[in-house]
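The next block holds one structure in the form of structure tokens; read it before the comments.
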Amino acid sequence: MSTQLWCLSFRMPYAGLVLDGIKTVESRWRPLLAPLENQTLAIHIAWRDWEGDDWRAVLSGVLGISDARIQELLDSGERFGRGVVAGLVDVGETWVCPASLPEAELQDLERSAVLIGLQDKHLTQLSNPRWLKGPLKTRGNRDLWTVEIPNELLP
């Protein structure tokens, strides 16, 4: 038996940060996740890393996470390796981040997204992250696709 779910590839370290509950807002230039509101999304860990270090600046600066804890989070995100479906997250509401937002609200969103520069992007609330019991090796995709997850891997 297996369960079919929508799946999306995330680059590291964002895949691990989503599954460890640090990143609770996903940002995209288009409303990719809007049709999945109130559904579960499978998280695929891409082979490539995210370009840039904005995530590190948010983790160490805005969130005040120590270098040692950041390394623990990076190690946790690599527990199943790459090129695998590693976990699940529930998809919430999608909205557009206004170009002019009070600084405090913008900083809250940047903390939740672990990313700087969210204005005019489509933001989606993510919740209830959980790691699979083991990895499901599969090729990633650029957009959403469906994946069959064996029920014995479900948390």
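Ligands are numbered from 1 in the order shown, chains are lettered A, B, ... in the order of the structure tokens, and residues start at 1 in each chain.
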
Per DSSP on the backbone, filter chain A down to the residues in helix (DSSP H, G or I) and report them as an mmCIF file with N, CA, C and O atoms, in the first residue's frame.
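selection.cif written:
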data_model
loop_
_atom_site.group_PDB
_atom_site.id
_atom_site.type_symbol
_atom_site.label_atom_id
_atom_site.label_comp_id
_atom_site.auth_asym_id
_atom_site.auth_seq_id
_atom_site.Cartn_x
_atom_site.Cartn_y
_atom_site.Cartn_z
ATOM 1 N N TYR A 14 17.167 24.643 2.997
ATOM 2 C CA TYR A 14 15.753 24.908 3.229
ATOM 3 C C TYR A 14 14.919 23.656 3.441
ATOM 4 O O TYR A 14 13.992 23.664 4.256
ATOM 5 N N ALA A 15 15.224 22.564 2.748
ATOM 6 C CA ALA A 15 14.456 21.330 2.951
ATOM 7 C C ALA A 15 14.521 20.904 4.416
ATOM 8 O O ALA A 15 13.497 20.620 5.043
ATOM 9 N N GLY A 16 15.717 20.865 4.958
ATOM 10 C CA GLY A 16 15.880 20.475 6.352
ATOM 11 C C GLY A 16 15.249 21.472 7.310
ATOM 12 O O GLY A 16 14.659 21.089 8.330
ATOM 13 N N LEU A 17 15.356 22.754 6.999
ATOM 14 C CA LEU A 17 14.775 23.778 7.868
ATOM 15 C C LEU A 17 13.253 23.691 7.888
ATOM 16 O O LEU A 17 12.620 23.948 8.916
ATOM 17 N N VAL A 18 12.644 23.311 6.758
ATOM 18 C CA VAL A 18 11.193 23.095 6.726
ATOM 19 C C VAL A 18 10.849 21.893 7.604
ATOM 20 O O VAL A 18 9.968 21.965 8.468
ATOM 21 N N LEU A 19 11.548 20.785 7.402
ATOM 22 C CA LEU A 19 11.211 19.553 8.122
ATOM 23 C C LEU A 19 11.565 19.607 9.601
ATOM 24 O O LEU A 19 11.001 18.857 10.401
ATOM 25 N N ALA A 34 -0.656 27.554 -3.750
ATOM 26 C CA ALA A 34 -2.027 27.985 -3.445
ATOM 27 C C ALA A 34 -3.072 26.888 -3.657
ATOM 28 O O ALA A 34 -3.957 26.711 -2.815
ATOM 29 N N PRO A 35 -3.002 26.103 -4.743
ATOM 30 C CA PRO A 35 -4.015 25.057 -4.937
ATOM 31 C C PRO A 35 -3.935 23.917 -3.911
ATOM 32 O O PRO A 35 -4.855 23.101 -3.830
ATOM 33 N N LEU A 36 -2.860 23.864 -3.140
ATOM 34 C CA LEU A 36 -2.686 22.776 -2.176
ATOM 35 C C LEU A 36 -3.077 23.167 -0.756
ATOM 36 O O LEU A 36 -2.802 22.415 0.189
ATOM 37 N N ASP A 54 21.786 34.128 2.608
ATOM 38 C CA ASP A 54 20.764 34.864 3.348
ATOM 39 C C ASP A 54 20.221 34.030 4.507
ATOM 40 O O ASP A 54 19.973 34.547 5.589
ATOM 41 N N TRP A 55 20.065 32.745 4.265
ATOM 42 C CA TRP A 55 19.520 31.859 5.303
ATOM 43 C C TRP A 55 20.402 31.889 6.553
ATOM 44 O O TRP A 55 19.899 31.907 7.664
ATOM 45 N N ARG A 56 21.724 31.892 6.364
ATOM 46 C CA ARG A 56 22.638 31.893 7.506
ATOM 47 C C ARG A 56 22.535 33.223 8.270
ATOM 48 O O ARG A 56 22.544 33.250 9.495
ATOM 49 N N ALA A 57 22.400 34.326 7.522
ATOM 50 C CA ALA A 57 22.264 35.633 8.161
ATOM 51 C C ALA A 57 20.986 35.704 8.994
ATOM 52 O O ALA A 57 20.995 36.260 10.098
ATOM 53 N N VAL A 58 19.899 35.137 8.495
ATOM 54 C CA VAL A 58 18.647 35.144 9.251
ATOM 55 C C VAL A 58 18.774 34.245 10.483
ATOM 56 O O VAL A 58 18.388 34.625 11.585
ATOM 57 N N LEU A 59 19.337 33.052 10.303
ATOM 58 C CA LEU A 59 19.462 32.131 11.434
ATOM 59 C C LEU A 59 20.338 32.701 12.536
ATOM 60 O O LEU A 59 19.964 32.686 13.711
ATOM 61 N N SER A 60 21.514 33.219 12.175
ATOM 62 C CA SER A 60 22.450 33.688 13.199
ATOM 63 C C SER A 60 22.111 35.093 13.684
ATOM 64 O O SER A 60 22.270 35.396 14.862
ATOM 65 N N GLY A 61 21.621 35.936 12.785
ATOM 66 C CA GLY A 61 21.341 37.318 13.157
ATOM 67 C C GLY A 61 19.963 37.496 13.755
ATOM 68 O O GLY A 61 19.794 37.644 14.962
ATOM 69 N N VAL A 62 18.948 37.435 12.911
ATOM 70 C CA VAL A 62 17.580 37.729 13.324
ATOM 71 C C VAL A 62 17.062 36.707 14.345
ATOM 72 O O VAL A 62 16.430 37.059 15.333
ATOM 73 N N ASP A 67 26.248 29.255 16.065
ATOM 74 C CA ASP A 67 26.896 28.509 14.980
ATOM 75 C C ASP A 67 26.806 27.008 15.215
ATOM 76 O O ASP A 67 26.596 26.236 14.280
ATOM 77 N N ALA A 68 26.950 26.580 16.461
ATOM 78 C CA ALA A 68 26.869 25.147 16.784
ATOM 79 C C ALA A 68 25.470 24.611 16.490
ATOM 80 O O ALA A 68 25.319 23.524 15.920
ATOM 81 N N ARG A 69 24.434 25.362 16.847
ATOM 82 C CA ARG A 69 23.046 24.927 16.588
ATOM 83 C C ARG A 69 22.772 24.948 15.077
ATOM 84 O O ARG A 69 22.074 24.062 14.575
ATOM 85 N N ILE A 70 23.287 25.924 14.365
ATOM 86 C CA ILE A 70 23.118 25.953 12.907
ATOM 87 C C ILE A 70 23.729 24.692 12.298
ATOM 88 O O ILE A 70 23.118 24.055 11.438
ATOM 89 N N GLN A 71 24.905 24.299 12.765
ATOM 90 C CA GLN A 71 25.531 23.075 12.256
ATOM 91 C C GLN A 71 24.674 21.851 12.580
ATOM 92 O O GLN A 71 24.530 20.953 11.751
ATOM 93 N N GLU A 72 24.072 21.809 13.763
ATOM 94 C CA GLU A 72 23.167 20.707 14.115
ATOM 95 C C GLU A 72 21.985 20.659 13.151
ATOM 96 O O GLU A 72 21.575 19.578 12.718
ATOM 97 N N LEU A 73 21.434 21.821 12.835
ATOM 98 C CA LEU A 73 20.304 21.875 11.891
ATOM 99 C C LEU A 73 20.732 21.413 10.504
ATOM 100 O O LEU A 73 19.992 20.681 9.836
ATOM 101 N N LEU A 74 21.919 21.834 10.063
ATOM 102 C CA LEU A 74 22.419 21.391 8.754
ATOM 103 C C LEU A 74 22.614 19.880 8.741
ATOM 104 O O LEU A 74 22.235 19.204 7.780
ATOM 105 N N ASP A 75 23.182 19.332 9.807
ATOM 106 C CA ASP A 75 23.383 17.882 9.907
ATOM 107 C C ASP A 75 22.051 17.139 9.919
ATOM 108 O O ASP A 75 21.901 16.108 9.265
ATOM 109 N N SER A 76 21.084 17.674 10.640
ATOM 110 C CA SER A 76 19.762 17.055 10.692
ATOM 111 C C SER A 76 19.140 16.998 9.299
ATOM 112 O O SER A 76 18.562 15.981 8.911
ATOM 113 N N GLY A 77 19.276 18.080 8.545
ATOM 114 C CA GLY A 77 18.715 18.135 7.191
ATOM 115 C C GLY A 77 19.347 17.143 6.237
ATOM 116 O O GLY A 77 18.751 16.763 5.236
ATOM 117 N N GLU A 103 8.147 47.497 9.107
ATOM 118 C CA GLU A 103 9.416 46.781 9.296
ATOM 119 C C GLU A 103 9.281 45.589 10.244
ATOM 120 O O GLU A 103 9.838 44.527 9.993
ATOM 121 N N ALA A 104 8.545 45.752 11.327
ATOM 122 C CA ALA A 104 8.395 44.659 12.304
ATOM 123 C C ALA A 104 7.683 43.453 11.680
ATOM 124 O O ALA A 104 8.083 42.310 11.904
ATOM 125 N N GLU A 105 6.644 43.714 10.894
ATOM 126 C CA GLU A 105 5.921 42.623 10.232
ATOM 127 C C GLU A 105 6.809 41.932 9.201
ATOM 128 O O GLU A 105 6.807 40.704 9.091
ATOM 129 N N LEU A 106 7.567 42.727 8.447
ATOM 130 C CA LEU A 106 8.469 42.171 7.445
ATOM 131 C C LEU A 106 9.528 41.288 8.116
ATOM 132 O O LEU A 106 9.809 40.183 7.643
ATOM 133 N N GLN A 107 10.083 41.745 9.226
ATOM 134 C CA GLN A 107 11.088 40.945 9.927
ATOM 135 C C GLN A 107 10.497 39.643 10.458
ATOM 136 O O GLN A 107 11.154 38.600 10.408
ATOM 137 N N ASP A 108 9.254 39.682 10.935
ATOM 138 C CA ASP A 108 8.595 38.441 11.381
ATOM 139 C C ASP A 108 8.469 37.451 10.227
ATOM 140 O O ASP A 108 8.734 36.262 10.383
ATOM 141 N N LEU A 109 8.067 37.953 9.059
ATOM 142 C CA LEU A 109 7.940 37.090 7.887
ATOM 143 C C LEU A 109 9.308 36.554 7.448
ATOM 144 O O LEU A 109 9.425 35.382 7.086
ATOM 145 N N GLU A 110 10.331 37.406 7.462
ATOM 146 C CA GLU A 110 11.673 36.966 7.075
ATOM 147 C C GLU A 110 12.188 35.893 8.022
ATOM 148 O O GLU A 110 12.825 34.927 7.592
ATOM 149 N N ARG A 111 11.887 36.027 9.314
ATOM 150 C CA ARG A 111 12.258 34.974 10.280
ATOM 151 C C ARG A 111 11.567 33.667 9.928
ATOM 152 O O ARG A 111 12.181 32.605 9.944
ATOM 153 N N SER A 112 10.285 33.746 9.634
ATOM 154 C CA SER A 112 9.506 32.539 9.331
ATOM 155 C C SER A 112 9.925 31.905 8.007
ATOM 156 O O SER A 112 9.858 30.682 7.849
ATOM 157 N N ALA A 113 10.336 32.737 7.046
ATOM 158 C CA ALA A 113 10.747 32.236 5.731
ATOM 159 C C ALA A 113 12.236 31.920 5.672
ATOM 160 O O ALA A 113 12.706 31.295 4.721
ATOM 161 N N ASN A 151 3.344 3.240 2.529
ATOM 162 C CA ASN A 151 2.765 3.558 3.825
ATOM 163 C C ASN A 151 3.699 3.243 4.997
ATOM 164 O O ASN A 151 3.635 3.910 6.023
ATOM 165 N N GLU A 152 4.599 2.267 4.828
ATOM 166 C CA GLU A 152 5.511 1.940 5.928
ATOM 167 C C GLU A 152 6.523 3.059 6.199
ATOM 168 O O GLU A 152 7.137 3.077 7.259
ATOM 169 N N LEU A 153 6.671 3.995 5.257
ATOM 170 C CA LEU A 153 7.576 5.129 5.470
ATOM 171 C C LEU A 153 6.882 6.325 6.115
ATOM 172 O O LEU A 153 7.533 7.243 6.596
#

Can you write out as CSV which residues of range 3-86 of chain A fall within 12 Å of range 117-120 of chain A, alongside each residue's closest atom pair and its distance in Å to one decimal, counting only C-alpha atoms and ordering rows by chain and ascending residue number?
residue,atom,partner,partner_atom,distance
A:Val25,CA,A:Leu118,CA,10.5
A:Glu26,CA,A:Leu118,CA,10.0
A:Ser27,CA,A:Leu118,CA,7.2
A:Arg28,CA,A:Leu118,CA,9.0
A:Trp29,CA,A:Asp120,CA,7.8
A:Arg30,CA,A:Asp120,CA,9.6
A:Pro31,CA,A:Asp120,CA,11.2
A:Asp54,CA,A:Gly117,CA,9.4
A:Trp55,CA,A:Gly117,CA,11.4
A:Val58,CA,A:Gly117,CA,11.3

What does the file look like for those residues with all heavy atoms, as an mmCIF file, in the first residue's frame?
data_model
loop_
_atom_site.group_PDB
_atom_site.id
_atom_site.type_symbol
_atom_site.label_atom_id
_atom_site.label_comp_id
_atom_site.auth_asym_id
_atom_site.auth_seq_id
_atom_site.Cartn_x
_atom_site.Cartn_y
_atom_site.Cartn_z
ATOM 1 N N VAL A 25 7.318 29.467 6.504
ATOM 2 C CA VAL A 25 6.728 30.203 5.379
ATOM 3 C C VAL A 25 7.584 29.935 4.150
ATOM 4 O O VAL A 25 8.800 30.105 4.184
ATOM 5 C CB VAL A 25 6.659 31.723 5.669
ATOM 6 C CG1 VAL A 25 6.267 32.497 4.415
ATOM 7 C CG2 VAL A 25 5.675 32.015 6.790
ATOM 8 N N GLU A 26 6.955 29.498 3.084
ATOM 9 C CA GLU A 26 7.649 29.276 1.810
ATOM 10 C C GLU A 26 7.370 30.468 0.902
ATOM 11 O O GLU A 26 6.247 30.985 0.859
ATOM 12 C CB GLU A 26 7.159 27.980 1.157
ATOM 13 C CG GLU A 26 7.680 27.741 -0.241
ATOM 14 C CD GLU A 26 9.206 27.645 -0.348
ATOM 15 O OE1 GLU A 26 9.927 27.671 0.672
ATOM 16 O OE2 GLU A 26 9.683 27.563 -1.483
ATOM 17 N N SER A 27 8.390 30.927 0.169
ATOM 18 C CA SER A 27 8.222 32.060 -0.741
ATOM 19 C C SER A 27 8.519 31.618 -2.169
ATOM 20 O O SER A 27 9.464 30.879 -2.417
ATOM 21 C CB SER A 27 9.141 33.215 -0.336
ATOM 22 O OG SER A 27 10.487 32.851 -0.514
ATOM 23 N N ARG A 28 7.686 32.075 -3.069
ATOM 24 C CA ARG A 28 7.831 31.790 -4.503
ATOM 25 C C ARG A 28 7.414 33.035 -5.272
ATOM 26 O O ARG A 28 6.659 33.864 -4.777
ATOM 27 C CB ARG A 28 6.935 30.610 -4.932
ATOM 28 C CG ARG A 28 7.242 29.289 -4.254
ATOM 29 C CD ARG A 28 8.421 28.625 -4.894
ATOM 30 N NE ARG A 28 8.938 27.530 -4.076
ATOM 31 C CZ ARG A 28 9.593 26.502 -4.549
ATOM 32 N NH1 ARG A 28 9.824 26.410 -5.849
ATOM 33 N NH2 ARG A 28 10.064 25.576 -3.751
ATOM 34 N N TRP A 29 7.889 33.136 -6.514
ATOM 35 C CA TRP A 29 7.502 34.275 -7.348
ATOM 36 C C TRP A 29 6.120 34.100 -7.947
ATOM 37 O O TRP A 29 5.562 35.036 -8.524
ATOM 38 C CB TRP A 29 8.528 34.510 -8.450
ATOM 39 C CG TRP A 29 9.775 35.131 -7.916
ATOM 40 C CD1 TRP A 29 11.009 34.561 -7.793
ATOM 41 C CD2 TRP A 29 9.919 36.461 -7.410
ATOM 42 N NE1 TRP A 29 11.901 35.436 -7.240
ATOM 43 C CE2 TRP A 29 11.256 36.625 -6.993
ATOM 44 C CE3 TRP A 29 9.036 37.542 -7.251
ATOM 45 C CZ2 TRP A 29 11.731 37.812 -6.431
ATOM 46 C CZ3 TRP A 29 9.520 38.715 -6.695
ATOM 47 C CH2 TRP A 29 10.852 38.840 -6.305
ATOM 48 N N ARG A 30 5.547 32.912 -7.832
ATOM 49 C CA ARG A 30 4.179 32.673 -8.318
ATOM 50 C C ARG A 30 3.459 31.823 -7.275
ATOM 51 O O ARG A 30 4.105 31.196 -6.435
ATOM 52 C CB ARG A 30 4.193 32.007 -9.692
ATOM 53 C CG ARG A 30 4.946 30.711 -9.745
ATOM 54 C CD ARG A 30 5.199 30.271 -11.195
ATOM 55 N NE ARG A 30 6.028 29.102 -11.226
ATOM 56 C CZ ARG A 30 5.575 27.857 -11.290
ATOM 57 N NH1 ARG A 30 4.281 27.622 -11.343
ATOM 58 N NH2 ARG A 30 6.406 26.835 -11.317
ATOM 59 N N PRO A 31 2.144 31.769 -7.313
ATOM 60 C CA PRO A 31 1.384 31.081 -6.266
ATOM 61 C C PRO A 31 1.352 29.561 -6.443
ATOM 62 O O PRO A 31 0.294 28.929 -6.482
ATOM 63 C CB PRO A 31 -0.010 31.700 -6.389
ATOM 64 C CG PRO A 31 -0.123 32.056 -7.830
ATOM 65 C CD PRO A 31 1.270 32.482 -8.256
ATOM 66 N N ASP A 54 21.786 34.128 2.608
ATOM 67 C CA ASP A 54 20.764 34.864 3.348
ATOM 68 C C ASP A 54 20.221 34.030 4.507
ATOM 69 O O ASP A 54 19.973 34.547 5.589
ATOM 70 C CB ASP A 54 19.592 35.251 2.437
ATOM 71 C CG ASP A 54 19.918 36.413 1.530
ATOM 72 O OD1 ASP A 54 21.002 37.023 1.695
ATOM 73 O OD2 ASP A 54 19.091 36.713 0.654
ATOM 74 N N TRP A 55 20.065 32.745 4.265
ATOM 75 C CA TRP A 55 19.520 31.859 5.303
ATOM 76 C C TRP A 55 20.402 31.889 6.553
ATOM 77 O O TRP A 55 19.899 31.907 7.664
ATOM 78 C CB TRP A 55 19.355 30.436 4.770
ATOM 79 C CG TRP A 55 20.636 29.817 4.285
ATOM 80 C CD1 TRP A 55 21.146 29.877 3.014
ATOM 81 C CD2 TRP A 55 21.583 29.080 5.063
ATOM 82 N NE1 TRP A 55 22.352 29.215 2.961
ATOM 83 C CE2 TRP A 55 22.635 28.708 4.192
ATOM 84 C CE3 TRP A 55 21.645 28.691 6.388
ATOM 85 C CZ2 TRP A 55 23.735 27.967 4.635
ATOM 86 C CZ3 TRP A 55 22.732 27.949 6.819
ATOM 87 C CH2 TRP A 55 23.768 27.598 5.929
ATOM 88 N N VAL A 58 19.899 35.137 8.495
ATOM 89 C CA VAL A 58 18.647 35.144 9.251
ATOM 90 C C VAL A 58 18.774 34.245 10.483
ATOM 91 O O VAL A 58 18.388 34.625 11.585
ATOM 92 C CB VAL A 58 17.456 34.703 8.364
ATOM 93 C CG1 VAL A 58 16.188 34.538 9.198
ATOM 94 C CG2 VAL A 58 17.223 35.703 7.243
#

Backbone-only DSSP, strand (DSSP E or B) members of range 30-140 of chain A, as a PDB file with C-alpha atoms, in the first residue's frame:
ATOM      1  CA  THR A  40      -0.166  17.582   2.781  1.00  0.00           C
ATOM      2  CA  LEU A  41       2.935  18.161   0.657  1.00  0.00           C
ATOM      3  CA  ALA A  42       5.856  15.758   0.358  1.00  0.00           C
ATOM      4  CA  ILE A  43       9.274  17.426   0.684  1.00  0.00           C
ATOM      5  CA  HIS A  44      11.999  16.311  -1.734  1.00  0.00           C
ATOM      6  CA  ILE A  45      15.605  17.217  -0.924  1.00  0.00           C
ATOM      7  CA  ALA A  46      17.298  18.462  -4.078  1.00  0.00           C
ATOM      8  CA  TRP A  47      20.925  17.680  -4.917  1.00  0.00           C
ATOM      9  CA  ARG A  48      21.916  21.332  -5.192  1.00  0.00           C
ATOM     10  CA  ASP A  49      22.373  23.854  -2.406  1.00  0.00           C
ATOM     11  CA  VAL A  84      15.086  11.752  -1.707  1.00  0.00           C
ATOM     12  CA  VAL A  85      11.608  12.469  -0.444  1.00  0.00           C
ATOM     13  CA  ALA A  86      12.340  13.001   3.238  1.00  0.00           C
ATOM     14  CA  GLY A  87       9.181  14.253   4.900  1.00  0.00           C
ATOM     15  CA  LEU A  88       5.796  15.869   4.869  1.00  0.00           C
ATOM     16  CA  VAL A  89       4.373  19.286   5.704  1.00  0.00           C
ATOM     17  CA  ASP A  90       0.842  20.692   5.745  1.00  0.00           C
ATOM     18  CA  VAL A  91       0.140  23.589   3.368  1.00  0.00           C
ATOM     19  CA  GLY A  92      -1.774  26.613   4.575  1.00  0.00           C
ATOM     20  CA  GLU A  93      -2.859  29.909   3.099  1.00  0.00           C
ATOM     21  CA  THR A  94      -0.958  31.635   0.274  1.00  0.00           C
ATOM     22  CA  TRP A  95      -0.814  35.439   0.035  1.00  0.00           C
ATOM     23  CA  VAL A  96       1.293  38.115  -1.632  1.00  0.00           C
ATOM     24  CA  HIS A 122       3.815  34.691  -2.896  1.00  0.00           C
ATOM     25  CA  LEU A 123       4.108  33.388   0.645  1.00  0.00           C
ATOM     26  CA  THR A 124       2.598  30.120   1.875  1.00  0.00           C
ATOM     27  CA  GLN A 125       2.176  29.047   5.488  1.00  0.00           C
ATOM     28  CA  LEU A 126       3.674  25.622   6.291  1.00  0.00           C
ATOM     29  CA  SER A 127       2.876  23.635   9.440  1.00  0.00           C
ATOM     30  CA  ASN A 128       3.090  20.217  11.072  1.00  0.00           C
ATOM     31  CA  PRO A 129       6.454  19.179   9.596  1.00  0.00           C
ATOM     32  CA  ARG A 130       7.416  15.520   9.995  1.00  0.00           C
ATOM     33  CA  TRP A 131      10.254  13.353   8.736  1.00  0.00           C
ATOM     34  CA  LEU A 132       9.472  10.088   7.021  1.00  0.00           C
ATOM     35  CA  LYS A 133      10.618   6.923   8.800  1.00  0.00           C
ATOM     36  CA  GLY A 134      13.151   6.520   6.017  1.00  0.00           C
ATOM     37  CA  PRO A 135      14.071   8.179   2.712  1.00  0.00           C
ATOM     38  CA  LEU A 136      12.338   7.513  -0.593  1.00  0.00           C
ATOM     39  CA  LYS A 137      14.894   7.834  -3.373  1.00  0.00           C
TER      40      LYS A 137
END

### Query
Please, what distance in Å, to one decimal, runs between CA of Phe10 in chain A and CA of Asp143 in chain A?
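Between CA of Phe10 in chain A and CA of Asp143 in chain A the gap is 10.4 Å.
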
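In this comparison, which uses only C-alpha atoms, the residue of A:Met1, A:Ile22, A:Cys7, A:Gly81 approaching Arg142 in chain A most closely is A:Cys7.
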
### Message
Could you list, as a ChimeraX atom specification, every residue within 9 Å of Leu144 in chain A, counting only C-alpha atoms and ignoring same-chain residues fewer than 3 positions away?
### Response
/A:6-9,32-33,141

### Message
If we count only C-alpha atoms and set the cut-off at 7 Å, which residues sit around Trp50 in chain A, ignoring sequence neighbours fewer than 4 positions away in its own chain? Please answer as a VMD selection string.
### Response
chain A and resid 11 to 13

Can I get the selected residues back with all heavy atoms, as a PDB file, in the first residue's frame?
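Generated file (part.pdb):
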ATOM      1  N   ARG A  11      15.874  23.029  -2.092  1.00  0.00           N
ATOM      2  CA  ARG A  11      17.327  22.962  -1.972  1.00  0.00           C
ATOM      3  C   ARG A  11      17.711  23.003  -0.497  1.00  0.00           C
ATOM      4  O   ARG A  11      16.961  23.495   0.340  1.00  0.00           O
ATOM      5  CB  ARG A  11      17.991  24.118  -2.720  1.00  0.00           C
ATOM      6  CG  ARG A  11      17.841  23.996  -4.220  1.00  0.00           C
ATOM      7  CD  ARG A  11      18.565  25.112  -4.918  1.00  0.00           C
ATOM      8  NE  ARG A  11      18.419  24.993  -6.358  1.00  0.00           N
ATOM      9  CZ  ARG A  11      19.039  25.768  -7.213  1.00  0.00           C
ATOM     10  NH1 ARG A  11      19.862  26.717  -6.791  1.00  0.00           N
ATOM     11  NH2 ARG A  11      18.861  25.601  -8.510  1.00  0.00           N
ATOM     12  N   MET A  12      18.887  22.504  -0.226  1.00  0.00           N
ATOM     13  CA  MET A  12      19.400  22.580   1.136  1.00  0.00           C
ATOM     14  C   MET A  12      19.993  23.959   1.351  1.00  0.00           C
ATOM     15  O   MET A  12      20.554  24.519   0.426  1.00  0.00           O
ATOM     16  CB  MET A  12      20.461  21.503   1.362  1.00  0.00           C
ATOM     17  CG  MET A  12      19.862  20.116   1.453  1.00  0.00           C
ATOM     18  SD  MET A  12      18.713  19.951   2.809  1.00  0.00           S
ATOM     19  CE  MET A  12      19.832  19.922   4.202  1.00  0.00           C
ATOM     20  N   PRO A  13      19.868  24.539   2.502  1.00  0.00           N
ATOM     21  CA  PRO A  13      19.405  23.934   3.743  1.00  0.00           C
ATOM     22  C   PRO A  13      17.900  24.054   3.960  1.00  0.00           C
ATOM     23  O   PRO A  13      17.396  23.593   4.983  1.00  0.00           O
ATOM     24  CB  PRO A  13      20.141  24.746   4.808  1.00  0.00           C
ATOM     25  CG  PRO A  13      20.147  26.125   4.244  1.00  0.00           C
ATOM     26  CD  PRO A  13      20.366  25.920   2.748  1.00  0.00           C
TER      27      PRO A  13
END
